[in-house]
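Below is one structure; the comments refer to it alone.
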Amino acid sequence: MAIRIALLAVPAVAVAGLVLLLNGLDASPGIAVAAFGLVAVATGTAIGYFADRLPELPQARRPHRLAGFHHGD
């Protein structure tokens, strides 16, 4: 569970910090796009690296039979 929270919280904090840093430096739009691209690549890499450690999603449930219907009748 901690890995899931970290995979969501760390990129969000990184983006918020990056916005504040870029605003403080009066960065040009090109630098901002490159910086956000690096954050996106790092996030995707982290998700890919830790994907095997994440718990599996619950399996889809089978549809229930209709009431009163029996397959052999």
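A note on labels: chains of the structure tokens are A, B, ... as shown, every chain counts residues from 1, and ligands are counted from 1 in their shown order.
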Skipping near chain neighbours, those fewer than 4 positions away, what residues fall within 12 Å of region 6-18 of chain A using only C-alpha atoms, listed as a PDB file with C-alpha atoms, in the first residue's frame?
ATOM      1  CA  MET A   1       0.000   0.000   0.000  1.00  0.00           C
ATOM      2  CA  ALA A   2       2.874   2.354   0.761  1.00  0.00           C
ATOM      3  CA  LEU A  22      10.204  27.409 -12.443  1.00  0.00           C
ATOM      4  CA  ASN A  23       8.089  30.385 -11.406  1.00  0.00           C
ATOM      5  CA  GLY A  24      10.843  31.577  -9.076  1.00  0.00           C
ATOM      6  CA  LEU A  25      13.423  31.291 -11.856  1.00  0.00           C
ATOM      7  CA  ASP A  26      11.149  32.910 -14.470  1.00  0.00           C
ATOM      8  CA  ALA A  27      11.864  29.949 -16.743  1.00  0.00           C
ATOM      9  CA  ILE A  31      12.419  24.823 -20.210  1.00  0.00           C
ATOM     10  CA  ALA A  32       9.137  24.206 -18.395  1.00  0.00           C
ATOM     11  CA  VAL A  33       8.009  21.681 -21.029  1.00  0.00           C
ATOM     12  CA  ALA A  34      11.361  19.882 -20.860  1.00  0.00           C
ATOM     13  CA  ALA A  35      11.242  19.780 -17.052  1.00  0.00           C
ATOM     14  CA  PHE A  36       7.690  18.419 -16.979  1.00  0.00           C
ATOM     15  CA  GLY A  37       8.652  15.877 -19.627  1.00  0.00           C
ATOM     16  CA  LEU A  38      11.469  14.650 -17.396  1.00  0.00           C
ATOM     17  CA  VAL A  39       9.056  14.328 -14.464  1.00  0.00           C
ATOM     18  CA  ALA A  40       6.665  12.334 -16.683  1.00  0.00           C
ATOM     19  CA  VAL A  41       9.455  10.019 -17.845  1.00  0.00           C
ATOM     20  CA  ALA A  42      10.691   9.514 -14.279  1.00  0.00           C
ATOM     21  CA  THR A  43       7.146   8.752 -13.099  1.00  0.00           C
ATOM     22  CA  GLY A  44       6.580   6.242 -15.893  1.00  0.00           C
ATOM     23  CA  THR A  45       9.909   4.601 -15.173  1.00  0.00           C
ATOM     24  CA  ALA A  46       9.100   4.297 -11.472  1.00  0.00           C
ATOM     25  CA  ILE A  47       5.679   2.800 -12.181  1.00  0.00           C
ATOM     26  CA  GLY A  48       7.232   0.336 -14.618  1.00  0.00           C
ATOM     27  CA  TYR A  49       9.963  -0.615 -12.175  1.00  0.00           C
ATOM     28  CA  PHE A  50       7.605  -1.179  -9.251  1.00  0.00           C
ATOM     29  CA  ALA A  51       4.733  -2.674 -11.297  1.00  0.00           C
ATOM     30  CA  ARG A  53       5.499  -5.296  -6.648  1.00  0.00           C
ATOM     31  CA  LEU A  54       2.001  -3.832  -6.848  1.00  0.00           C
TER      32      LEU A  54
END
